[in-house]
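See below for model00.pdb, which holds PDB, N, CA and C atoms.
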```pdb
ATOM      1  N   MET A   6      -3.937   1.103   4.357  1.00  0.00           N
ATOM      2  CA  MET A   6      -5.300   1.431   4.026  1.00  0.00           C
ATOM      3  C   MET A   6      -5.498   1.198   2.527  1.00  0.00           C
ATOM      4  N   LEU A   7      -5.939   0.041   2.202  1.00  0.00           N
ATOM      5  CA  LEU A   7      -6.181  -0.313   0.811  1.00  0.00           C
ATOM      6  C   LEU A   7      -7.673  -0.481   0.584  1.00  0.00           C
ATOM      7  N   GLU A   8      -8.084  -0.178  -0.616  1.00  0.00           N
ATOM      8  CA  GLU A   8      -9.455  -0.482  -1.000  1.00  0.00           C
ATOM      9  C   GLU A   8      -9.558  -1.985  -1.190  1.00  0.00           C
ATOM     10  N   ASP A   9     -10.764  -2.521  -1.069  1.00  0.00           N
ATOM     11  CA  ASP A   9     -10.958  -3.968  -1.181  1.00  0.00           C
ATOM     12  C   ASP A   9     -10.398  -4.519  -2.490  1.00  0.00           C
ATOM     13  N   GLY A  10     -10.671  -3.834  -3.587  1.00  0.00           N
ATOM     14  CA  GLY A  10     -10.182  -4.292  -4.888  1.00  0.00           C
ATOM     15  C   GLY A  10      -8.664  -4.265  -4.976  1.00  0.00           C
ATOM     16  N   GLN A  11      -8.055  -3.246  -4.406  1.00  0.00           N
ATOM     17  CA  GLN A  11      -6.593  -3.158  -4.405  1.00  0.00           C
ATOM     18  C   GLN A  11      -6.001  -4.321  -3.609  1.00  0.00           C
ATOM     19  N   TYR A  12      -6.592  -4.580  -2.458  1.00  0.00           N
ATOM     20  CA  TYR A  12      -6.107  -5.665  -1.607  1.00  0.00           C
ATOM     21  C   TYR A  12      -6.190  -7.009  -2.334  1.00  0.00           C
ATOM     22  N   ARG A  13      -7.324  -7.271  -2.953  1.00  0.00           N
ATOM     23  CA  ARG A  13      -7.490  -8.539  -3.673  1.00  0.00           C
ATOM     24  C   ARG A  13      -6.470  -8.676  -4.800  1.00  0.00           C
ATOM     25  N   ARG A  14      -6.262  -7.589  -5.553  1.00  0.00           N
ATOM     26  CA  ARG A  14      -5.304  -7.639  -6.664  1.00  0.00           C
ATOM     27  C   ARG A  14      -3.874  -7.841  -6.167  1.00  0.00           C
ATOM     28  N   LEU A  15      -3.538  -7.180  -5.066  1.00  0.00           N
ATOM     29  CA  LEU A  15      -2.196  -7.360  -4.502  1.00  0.00           C
ATOM     30  C   LEU A  15      -1.997  -8.774  -3.973  1.00  0.00           C
ATOM     31  N   LYS A  16      -3.007  -9.317  -3.280  1.00  0.00           N
ATOM     32  CA  LYS A  16      -2.905 -10.689  -2.778  1.00  0.00           C
ATOM     33  C   LYS A  16      -2.735 -11.679  -3.931  1.00  0.00           C
ATOM     34  N   GLU A  17      -3.454 -11.473  -5.009  1.00  0.00           N
ATOM     35  CA  GLU A  17      -3.337 -12.356  -6.170  1.00  0.00           C
ATOM     36  C   GLU A  17      -1.952 -12.240  -6.790  1.00  0.00           C
ATOM     37  N   ARG A  18      -1.455 -11.018  -6.910  1.00  0.00           N
ATOM     38  CA  ARG A  18      -0.111 -10.822  -7.478  1.00  0.00           C
ATOM     39  C   ARG A  18       0.933 -11.497  -6.589  1.00  0.00           C
ATOM     40  N   ALA A  19       0.789 -11.352  -5.285  1.00  0.00           N
ATOM     41  CA  ALA A  19       1.723 -11.977  -4.348  1.00  0.00           C
ATOM     42  C   ALA A  19       1.697 -13.493  -4.503  1.00  0.00           C
ATOM     43  N   ARG A  20       0.501 -14.047  -4.624  1.00  0.00           N
ATOM     44  CA  ARG A  20       0.374 -15.506  -4.799  1.00  0.00           C
ATOM     45  C   ARG A  20       1.061 -15.955  -6.078  1.00  0.00           C
ATOM     46  N   ARG A  21       0.786 -15.232  -7.182  1.00  0.00           N
ATOM     47  CA  ARG A  21       1.386 -15.603  -8.474  1.00  0.00           C
ATOM     48  C   ARG A  21       2.907 -15.507  -8.448  1.00  0.00           C
ATOM     49  N   GLN A  22       3.434 -14.503  -7.748  1.00  0.00           N
ATOM     50  CA  GLN A  22       4.876 -14.287  -7.715  1.00  0.00           C
ATOM     51  C   GLN A  22       5.569 -15.053  -6.595  1.00  0.00           C
ATOM     52  N   GLY A  23       4.790 -15.706  -5.731  1.00  0.00           N
ATOM     53  CA  GLY A  23       5.378 -16.440  -4.623  1.00  0.00           C
ATOM     54  C   GLY A  23       6.039 -15.528  -3.598  1.00  0.00           C
ATOM     55  N   LYS A  24       5.456 -14.346  -3.412  1.00  0.00           N
ATOM     56  CA  LYS A  24       5.993 -13.360  -2.483  1.00  0.00           C
ATOM     57  C   LYS A  24       4.946 -13.035  -1.424  1.00  0.00           C
ATOM     58  N   SER A  25       5.414 -12.391  -0.360  1.00  0.00           N
ATOM     59  CA  SER A  25       4.463 -11.908   0.643  1.00  0.00           C
ATOM     60  C   SER A  25       3.781 -10.649   0.114  1.00  0.00           C
ATOM     61  N   LEU A  26       2.638 -10.337   0.691  1.00  0.00           N
ATOM     62  CA  LEU A  26       1.926  -9.123   0.318  1.00  0.00           C
ATOM     63  C   LEU A  26       2.812  -7.900   0.569  1.00  0.00           C
ATOM     64  N   GLY A  27       3.490  -7.893   1.711  1.00  0.00           N
ATOM     65  CA  GLY A  27       4.371  -6.775   2.041  1.00  0.00           C
ATOM     66  C   GLY A  27       5.479  -6.587   1.020  1.00  0.00           C
ATOM     67  N   GLN A  28       6.058  -7.697   0.537  1.00  0.00           N
ATOM     68  CA  GLN A  28       7.138  -7.585  -0.449  1.00  0.00           C
ATOM     69  C   GLN A  28       6.608  -7.024  -1.766  1.00  0.00           C
ATOM     70  N   VAL A  29       5.424  -7.430  -2.165  1.00  0.00           N
ATOM     71  CA  VAL A  29       4.840  -6.899  -3.404  1.00  0.00           C
ATOM     72  C   VAL A  29       4.610  -5.401  -3.269  1.00  0.00           C
ATOM     73  N   VAL A  30       4.086  -4.968  -2.128  1.00  0.00           N
ATOM     74  CA  VAL A  30       3.854  -3.533  -1.902  1.00  0.00           C
ATOM     75  C   VAL A  30       5.182  -2.781  -1.928  1.00  0.00           C
ATOM     76  N   ARG A  31       6.211  -3.328  -1.253  1.00  0.00           N
ATOM     77  CA  ARG A  31       7.526  -2.668  -1.258  1.00  0.00           C
ATOM     78  C   ARG A  31       8.094  -2.576  -2.662  1.00  0.00           C
ATOM     79  N   ASP A  32       7.954  -3.642  -3.441  1.00  0.00           N
ATOM     80  CA  ASP A  32       8.451  -3.634  -4.820  1.00  0.00           C
ATOM     81  C   ASP A  32       7.752  -2.558  -5.653  1.00  0.00           C
ATOM     82  N   LEU A  33       6.425  -2.494  -5.534  1.00  0.00           N
ATOM     83  CA  LEU A  33       5.670  -1.499  -6.284  1.00  0.00           C
ATOM     84  C   LEU A  33       6.021  -0.082  -5.853  1.00  0.00           C
ATOM     85  N   LEU A  34       6.200   0.108  -4.565  1.00  0.00           N
ATOM     86  CA  LEU A  34       6.578   1.414  -4.051  1.00  0.00           C
ATOM     87  C   LEU A  34       7.952   1.819  -4.576  1.00  0.00           C
ATOM     88  N   SER A  35       8.889   0.883  -4.562  1.00  0.00           N
ATOM     89  CA  SER A  35      10.233   1.167  -5.092  1.00  0.00           C
ATOM     90  C   SER A  35      10.176   1.517  -6.572  1.00  0.00           C
ATOM     91  N   GLN A  36       9.381   0.792  -7.334  1.00  0.00           N
ATOM     92  CA  GLN A  36       9.250   1.088  -8.761  1.00  0.00           C
ATOM     93  C   GLN A  36       8.693   2.483  -8.964  1.00  0.00           C
ATOM     94  N   GLY A  37       7.680   2.840  -8.187  1.00  0.00           N
ATOM     95  CA  GLY A  37       7.088   4.163  -8.301  1.00  0.00           C
ATOM     96  C   GLY A  37       8.072   5.252  -7.923  1.00  0.00           C
ATOM     97  N   LEU A  38       8.836   5.009  -6.880  1.00  0.00           N
ATOM     98  CA  LEU A  38       9.826   5.994  -6.463  1.00  0.00           C
ATOM     99  C   LEU A  38      10.938   6.121  -7.493  1.00  0.00           C
ATOM    100  N   ASP A  39      11.366   4.999  -8.070  1.00  0.00           N
ATOM    101  CA  ASP A  39      12.411   5.048  -9.091  1.00  0.00           C
ATOM    102  C   ASP A  39      11.943   5.838 -10.305  1.00  0.00           C
ATOM    103  N   THR A  40      10.698   5.661 -10.697  1.00  0.00           N
ATOM    104  CA  THR A  40      10.137   6.395 -11.827  1.00  0.00           C
ATOM    105  C   THR A  40      10.112   7.885 -11.531  1.00  0.00           C
ATOM    106  N   ASN A  41       9.672   8.247 -10.325  1.00  0.00           N
ATOM    107  CA  ASN A  41       9.608   9.653  -9.945  1.00  0.00           C
ATOM    108  C   ASN A  41      10.988  10.254  -9.738  1.00  0.00           C
ATOM    109  N   ASP A  42      11.975   9.437  -9.375  1.00  0.00           N
ATOM    110  CA  ASP A  42      13.332   9.944  -9.167  1.00  0.00           C
ATOM    111  C   ASP A  42      13.892  10.558 -10.432  1.00  0.00           C
ATOM    112  N   ASP A  43      13.517  10.017 -11.574  1.00  0.00           N
ATOM    113  CA  ASP A  43      14.015  10.560 -12.841  1.00  0.00           C
ATOM    114  C   ASP A  43      13.607  12.015 -13.017  1.00  0.00           C
ATOM    115  N   ASN A  44      12.456  12.382 -12.465  1.00  0.00           N
ATOM    116  CA  ASN A  44      11.918  13.719 -12.673  1.00  0.00           C
ATOM    117  C   ASN A  44      12.088  14.657 -11.484  1.00  0.00           C
ATOM    118  N   ARG A  45      12.216  14.092 -10.262  1.00  0.00           N
ATOM    119  CA  ARG A  45      12.111  14.955  -9.096  1.00  0.00           C
ATOM    120  C   ARG A  45      13.260  14.849  -8.110  1.00  0.00           C
ATOM    121  N   GLY A  46      14.130  13.879  -8.243  1.00  0.00           N
ATOM    122  CA  GLY A  46      15.224  13.740  -7.286  1.00  0.00           C
ATOM    123  C   GLY A  46      14.931  12.667  -6.262  1.00  0.00           C
ATOM    124  N   SER A  47      15.955  11.915  -5.878  1.00  0.00           N
ATOM    125  CA  SER A  47      15.759  10.750  -5.022  1.00  0.00           C
ATOM    126  C   SER A  47      15.379  11.095  -3.589  1.00  0.00           C
ATOM    127  N   SER A  48      15.651  12.305  -3.124  1.00  0.00           N
ATOM    128  CA  SER A  48      15.329  12.624  -1.740  1.00  0.00           C
ATOM    129  C   SER A  48      13.961  13.284  -1.594  1.00  0.00           C
ATOM    130  N   ASP A  49      13.200  13.366  -2.646  1.00  0.00           N
ATOM    131  CA  ASP A  49      11.908  14.038  -2.604  1.00  0.00           C
ATOM    132  C   ASP A  49      10.827  13.088  -2.086  1.00  0.00           C
ATOM    133  N   LEU A  50      10.488  13.211  -0.815  1.00  0.00           N
ATOM    134  CA  LEU A  50       9.480  12.344  -0.218  1.00  0.00           C
ATOM    135  C   LEU A  50       8.085  12.599  -0.756  1.00  0.00           C
ATOM    136  N   TRP A  51       7.866  13.731  -1.359  1.00  0.00           N
ATOM    137  CA  TRP A  51       6.544  14.034  -1.895  1.00  0.00           C
ATOM    138  C   TRP A  51       6.153  13.067  -3.013  1.00  0.00           C
ATOM    139  N   ALA A  52       7.093  12.339  -3.543  1.00  0.00           N
ATOM    140  CA  ALA A  52       6.804  11.396  -4.626  1.00  0.00           C
ATOM    141  C   ALA A  52       5.844  10.298  -4.184  1.00  0.00           C
ATOM    142  N   ILE A  53       5.775  10.007  -2.885  1.00  0.00           N
ATOM    143  CA  ILE A  53       4.904   8.921  -2.428  1.00  0.00           C
ATOM    144  C   ILE A  53       3.564   9.417  -1.900  1.00  0.00           C
ATOM    145  N   VAL A  54       3.372  10.711  -1.856  1.00  0.00           N
ATOM    146  CA  VAL A  54       2.108  11.255  -1.361  1.00  0.00           C
ATOM    147  C   VAL A  54       0.962  10.769  -2.240  1.00  0.00           C
ATOM    148  N   GLY A  55      -0.062  10.235  -1.620  1.00  0.00           N
ATOM    149  CA  GLY A  55      -1.240   9.793  -2.348  1.00  0.00           C
ATOM    150  C   GLY A  55      -1.204   8.340  -2.785  1.00  0.00           C
ATOM    151  N   LEU A  56      -0.074   7.645  -2.607  1.00  0.00           N
ATOM    152  CA  LEU A  56      -0.015   6.251  -3.036  1.00  0.00           C
ATOM    153  C   LEU A  56      -0.969   5.366  -2.239  1.00  0.00           C
ATOM    154  N   GLY A  57      -1.246   5.738  -1.017  1.00  0.00           N
ATOM    155  CA  GLY A  57      -2.123   4.928  -0.174  1.00  0.00           C
ATOM    156  C   GLY A  57      -3.433   5.613   0.122  1.00  0.00           C
ATOM    157  N   GLN A  58      -4.039   6.220  -0.870  1.00  0.00           N
ATOM    158  CA  GLN A  58      -5.300   6.925  -0.659  1.00  0.00           C
ATOM    159  C   GLN A  58      -6.325   5.985  -0.040  1.00  0.00           C
ATOM    160  N   GLY A  59      -6.948   6.449   1.007  1.00  0.00           N
ATOM    161  CA  GLY A  59      -7.975   5.651   1.673  1.00  0.00           C
ATOM    162  C   GLY A  59      -9.328   6.301   1.535  1.00  0.00           C
ATOM    163  N   ASP A  60     -10.212   5.917   2.436  1.00  0.00           N
ATOM    164  CA  ASP A  60     -11.577   6.440   2.386  1.00  0.00           C
ATOM    165  C   ASP A  60     -11.747   7.661   3.278  1.00  0.00           C
ATOM    166  N   GLY A  61     -10.642   8.188   3.828  1.00  0.00           N
ATOM    167  CA  GLY A  61     -10.720   9.363   4.674  1.00  0.00           C
ATOM    168  C   GLY A  61     -10.982   9.045   6.137  1.00  0.00           C
ATOM    169  N   ALA A  62     -11.039   7.762   6.481  1.00  0.00           N
ATOM    170  CA  ALA A  62     -11.287   7.373   7.865  1.00  0.00           C
ATOM    171  C   ALA A  62     -10.092   7.745   8.737  1.00  0.00           C
ATOM    172  N   ALA A  63     -10.364   8.053   9.973  1.00  0.00           N
ATOM    173  CA  ALA A  63      -9.318   8.443  10.913  1.00  0.00           C
ATOM    174  C   ALA A  63      -8.692   7.185  11.521  1.00  0.00           C
ATOM    175  N   VAL A  64      -7.713   6.640  10.860  1.00  0.00           N
ATOM    176  CA  VAL A  64      -7.082   5.398  11.287  1.00  0.00           C
ATOM    177  C   VAL A  64      -6.432   5.560  12.656  1.00  0.00           C
ATOM    178  N   SER A  65      -5.883   6.727  12.926  1.00  0.00           N
ATOM    179  CA  SER A  65      -5.183   6.923  14.192  1.00  0.00           C
ATOM    180  C   SER A  65      -6.108   6.820  15.402  1.00  0.00           C
ATOM    181  N   GLU A  66      -7.389   6.946  15.204  1.00  0.00           N
ATOM    182  CA  GLU A  66      -8.325   6.856  16.318  1.00  0.00           C
ATOM    183  C   GLU A  66      -8.579   5.417  16.753  1.00  0.00           C
ATOM    184  N   ASP A  67      -8.481   4.460  15.857  1.00  0.00           N
ATOM    185  CA  ASP A  67      -8.723   3.054  16.188  1.00  0.00           C
ATOM    186  C   ASP A  67      -7.905   2.169  15.242  1.00  0.00           C
ATOM    187  N   PRO A  68      -6.567   2.181  15.376  1.00  0.00           N
ATOM    188  CA  PRO A  68      -5.733   1.444  14.429  1.00  0.00           C
ATOM    189  C   PRO A  68      -5.974  -0.056  14.431  1.00  0.00           C
ATOM    190  N   ASP A  69      -6.308  -0.637  15.597  1.00  0.00           N
ATOM    191  CA  ASP A  69      -6.538  -2.082  15.636  1.00  0.00           C
ATOM    192  C   ASP A  69      -7.687  -2.501  14.729  1.00  0.00           C
ATOM    193  N   ARG A  70      -8.699  -1.669  14.629  1.00  0.00           N
ATOM    194  CA  ARG A  70      -9.834  -1.987  13.765  1.00  0.00           C
ATOM    195  C   ARG A  70      -9.384  -2.102  12.314  1.00  0.00           C
ATOM    196  N   TYR A  71      -8.470  -1.236  11.898  1.00  0.00           N
ATOM    197  CA  TYR A  71      -8.010  -1.252  10.511  1.00  0.00           C
ATOM    198  C   TYR A  71      -6.976  -2.342  10.267  1.00  0.00           C
ATOM    199  N   LEU A  72      -6.257  -2.727  11.296  1.00  0.00           N
ATOM    200  CA  LEU A  72      -5.256  -3.785  11.151  1.00  0.00           C
ATOM    201  C   LEU A  72      -5.873  -5.172  11.257  1.00  0.00           C
ATOM    202  N   TYR A  73      -6.836  -5.337  12.188  1.00  0.00           N
ATOM    203  CA  TYR A  73      -7.342  -6.665  12.486  1.00  0.00           C
ATOM    204  C   TYR A  73      -8.825  -6.841  12.222  1.00  0.00           C
ATOM    205  N   GLY A  74      -9.506  -5.785  11.852  1.00  0.00           N
ATOM    206  CA  GLY A  74     -10.932  -5.866  11.592  1.00  0.00           C
ATOM    207  C   GLY A  74     -11.740  -5.573  12.838  1.00  0.00           C
ATOM    208  N   PRO A  75     -13.073  -5.542  12.703  1.00  0.00           N
ATOM    209  CA  PRO A  75     -13.926  -5.240  13.851  1.00  0.00           C
ATOM    210  C   PRO A  75     -13.809  -6.313  14.936  1.00  0.00           C
ATOM    211  N   ARG A  76     -14.013  -5.893  16.146  1.00  0.00           N
ATOM    212  CA  ARG A  76     -13.958  -6.834  17.267  1.00  0.00           C
ATOM    213  C   ARG A  76     -15.180  -7.734  17.235  1.00  0.00           C
ATOM    214  N   PRO A  77     -14.985  -9.004  17.580  1.00  0.00           N
ATOM    215  CA  PRO A  77     -16.138  -9.932  17.579  1.00  0.00           C
ATOM    216  C   PRO A  77     -17.126  -9.617  18.670  1.00  0.00           C
TER     217      PRO A  77
END
```
Mind turning the file's structure into structure tokens?
Amino acid sequence: MLEDGQYRRLKERARRQGKSLGQVVRDLLSQGLDTNDDNRGSSDLWAIVGLGQGDGAAVSEDPDRYLYGPRP
């Protein structure tokens, strides 16, 4: 669940780095976790809470819409 601007920036970064979008997200997530590990411990899952803030939509109710867009 990314905001439109976040998605565009990630896609551009992936293009520039010659990586997939997923790899860029994983790299950024790892960097964020490594930074938080210095302060909170490596097993603290709370470090990733809020990284994927969305618009509050209930994705679990219609996941295909969020993965593939509205049906034609």
Length of the atom CA of A:Tyr12 to atom CA of A:Leu26 vector [Å]:
9.0 Å
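Atom pair atom C of A:Tyr73 / atom N of A:Arg13 has a distance of 15.3 Å (rounded to one decimal).
Here atom CA of A:Gly27 and atom N of A:Glu66 stand 22.4 Å from one another.
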How would stretch 18-29 of chain A read, as an mmCIF file, in the frame of the given file, once all heavy atoms are built in?
```cif
data_model
loop_
_atom_site.group_PDB
_atom_site.id
_atom_site.type_symbol
_atom_site.label_atom_id
_atom_site.label_comp_id
_atom_site.auth_asym_id
_atom_site.auth_seq_id
_atom_site.Cartn_x
_atom_site.Cartn_y
_atom_site.Cartn_z
ATOM 1 N N ARG A 18 -1.455 -11.018 -6.910
ATOM 2 C CA ARG A 18 -0.111 -10.822 -7.478
ATOM 3 C C ARG A 18 0.933 -11.497 -6.589
ATOM 4 O O ARG A 18 1.855 -12.149 -7.084
ATOM 5 C CB ARG A 18 0.207 -9.339 -7.618
ATOM 6 C CG ARG A 18 1.581 -9.098 -8.237
ATOM 7 C CD ARG A 18 1.882 -7.641 -8.398
ATOM 8 N NE ARG A 18 1.058 -7.070 -9.450
ATOM 9 C CZ ARG A 18 1.353 -5.955 -10.085
ATOM 10 N NH1 ARG A 18 2.435 -5.272 -9.781
ATOM 11 N NH2 ARG A 18 0.565 -5.498 -11.040
ATOM 12 N N ALA A 19 0.789 -11.352 -5.285
ATOM 13 C CA ALA A 19 1.723 -11.977 -4.348
ATOM 14 C C ALA A 19 1.697 -13.493 -4.503
ATOM 15 O O ALA A 19 2.749 -14.148 -4.521
ATOM 16 C CB ALA A 19 1.378 -11.566 -2.914
ATOM 17 N N ARG A 20 0.501 -14.047 -4.624
ATOM 18 C CA ARG A 20 0.374 -15.506 -4.799
ATOM 19 C C ARG A 20 1.061 -15.955 -6.078
ATOM 20 O O ARG A 20 1.828 -16.911 -6.084
ATOM 21 C CB ARG A 20 -1.103 -15.906 -4.816
ATOM 22 C CG ARG A 20 -1.327 -17.422 -4.870
ATOM 23 C CD ARG A 20 -2.756 -17.771 -5.230
ATOM 24 N NE ARG A 20 -3.132 -17.328 -6.558
ATOM 25 C CZ ARG A 20 -2.743 -17.896 -7.715
ATOM 26 N NH1 ARG A 20 -1.935 -18.934 -7.701
ATOM 27 N NH2 ARG A 20 -3.156 -17.434 -8.876
ATOM 28 N N ARG A 21 0.786 -15.232 -7.182
ATOM 29 C CA ARG A 21 1.386 -15.603 -8.474
ATOM 30 C C ARG A 21 2.907 -15.507 -8.448
ATOM 31 O O ARG A 21 3.589 -16.320 -9.050
ATOM 32 C CB ARG A 21 0.853 -14.699 -9.589
ATOM 33 C CG ARG A 21 -0.524 -15.023 -10.083
ATOM 34 C CD ARG A 21 -0.861 -14.316 -11.402
ATOM 35 N NE ARG A 21 -0.328 -12.974 -11.519
ATOM 36 C CZ ARG A 21 -0.984 -11.844 -11.220
ATOM 37 N NH1 ARG A 21 -2.215 -11.915 -10.765
ATOM 38 N NH2 ARG A 21 -0.426 -10.675 -11.383
ATOM 39 N N GLN A 22 3.434 -14.503 -7.748
ATOM 40 C CA GLN A 22 4.876 -14.287 -7.715
ATOM 41 C C GLN A 22 5.569 -15.053 -6.595
ATOM 42 O O GLN A 22 6.787 -15.047 -6.504
ATOM 43 C CB GLN A 22 5.173 -12.787 -7.566
ATOM 44 C CG GLN A 22 4.737 -11.977 -8.764
ATOM 45 C CD GLN A 22 5.004 -10.482 -8.592
ATOM 46 O OE1 GLN A 22 5.473 -10.022 -7.554
ATOM 47 N NE2 GLN A 22 4.708 -9.718 -9.630
ATOM 48 N N GLY A 23 4.790 -15.706 -5.731
ATOM 49 C CA GLY A 23 5.378 -16.440 -4.623
ATOM 50 C C GLY A 23 6.039 -15.528 -3.598
ATOM 51 O O GLY A 23 7.052 -15.881 -3.007
ATOM 52 N N LYS A 24 5.456 -14.346 -3.412
ATOM 53 C CA LYS A 24 5.993 -13.360 -2.483
ATOM 54 C C LYS A 24 4.946 -13.035 -1.424
ATOM 55 O O LYS A 24 3.770 -13.318 -1.592
ATOM 56 C CB LYS A 24 6.338 -12.052 -3.213
ATOM 57 C CG LYS A 24 7.417 -12.177 -4.248
ATOM 58 C CD LYS A 24 7.669 -10.815 -4.902
ATOM 59 C CE LYS A 24 8.760 -10.887 -5.958
ATOM 60 N NZ LYS A 24 8.977 -9.565 -6.582
ATOM 61 N N SER A 25 5.414 -12.391 -0.360
ATOM 62 C CA SER A 25 4.463 -11.908 0.643
ATOM 63 C C SER A 25 3.781 -10.649 0.114
ATOM 64 O O SER A 25 4.294 -9.980 -0.789
ATOM 65 C CB SER A 25 5.188 -11.577 1.951
ATOM 66 O OG SER A 25 6.009 -10.428 1.790
ATOM 67 N N LEU A 26 2.638 -10.337 0.691
ATOM 68 C CA LEU A 26 1.926 -9.123 0.318
ATOM 69 C C LEU A 26 2.812 -7.900 0.569
ATOM 70 O O LEU A 26 2.895 -6.990 -0.254
ATOM 71 C CB LEU A 26 0.619 -9.009 1.105
ATOM 72 C CG LEU A 26 -0.213 -7.769 0.855
ATOM 73 C CD1 LEU A 26 -0.769 -7.771 -0.560
ATOM 74 C CD2 LEU A 26 -1.338 -7.674 1.854
ATOM 75 N N GLY A 27 3.490 -7.893 1.711
ATOM 76 C CA GLY A 27 4.371 -6.775 2.041
ATOM 77 C C GLY A 27 5.479 -6.587 1.020
ATOM 78 O O GLY A 27 5.817 -5.456 0.656
ATOM 79 N N GLN A 28 6.058 -7.697 0.537
ATOM 80 C CA GLN A 28 7.138 -7.585 -0.449
ATOM 81 C C GLN A 28 6.608 -7.024 -1.766
ATOM 82 O O GLN A 28 7.268 -6.211 -2.408
ATOM 83 C CB GLN A 28 7.803 -8.939 -0.680
ATOM 84 C CG GLN A 28 9.018 -8.856 -1.593
ATOM 85 C CD GLN A 28 10.101 -7.957 -1.024
ATOM 86 O OE1 GLN A 28 10.530 -8.147 0.108
ATOM 87 N NE2 GLN A 28 10.542 -6.973 -1.784
ATOM 88 N N VAL A 29 5.424 -7.430 -2.165
ATOM 89 C CA VAL A 29 4.840 -6.899 -3.404
ATOM 90 C C VAL A 29 4.610 -5.401 -3.269
ATOM 91 O O VAL A 29 4.931 -4.625 -4.179
ATOM 92 C CB VAL A 29 3.513 -7.632 -3.747
ATOM 93 C CG1 VAL A 29 2.776 -6.940 -4.873
ATOM 94 C CG2 VAL A 29 3.798 -9.078 -4.108
#
```
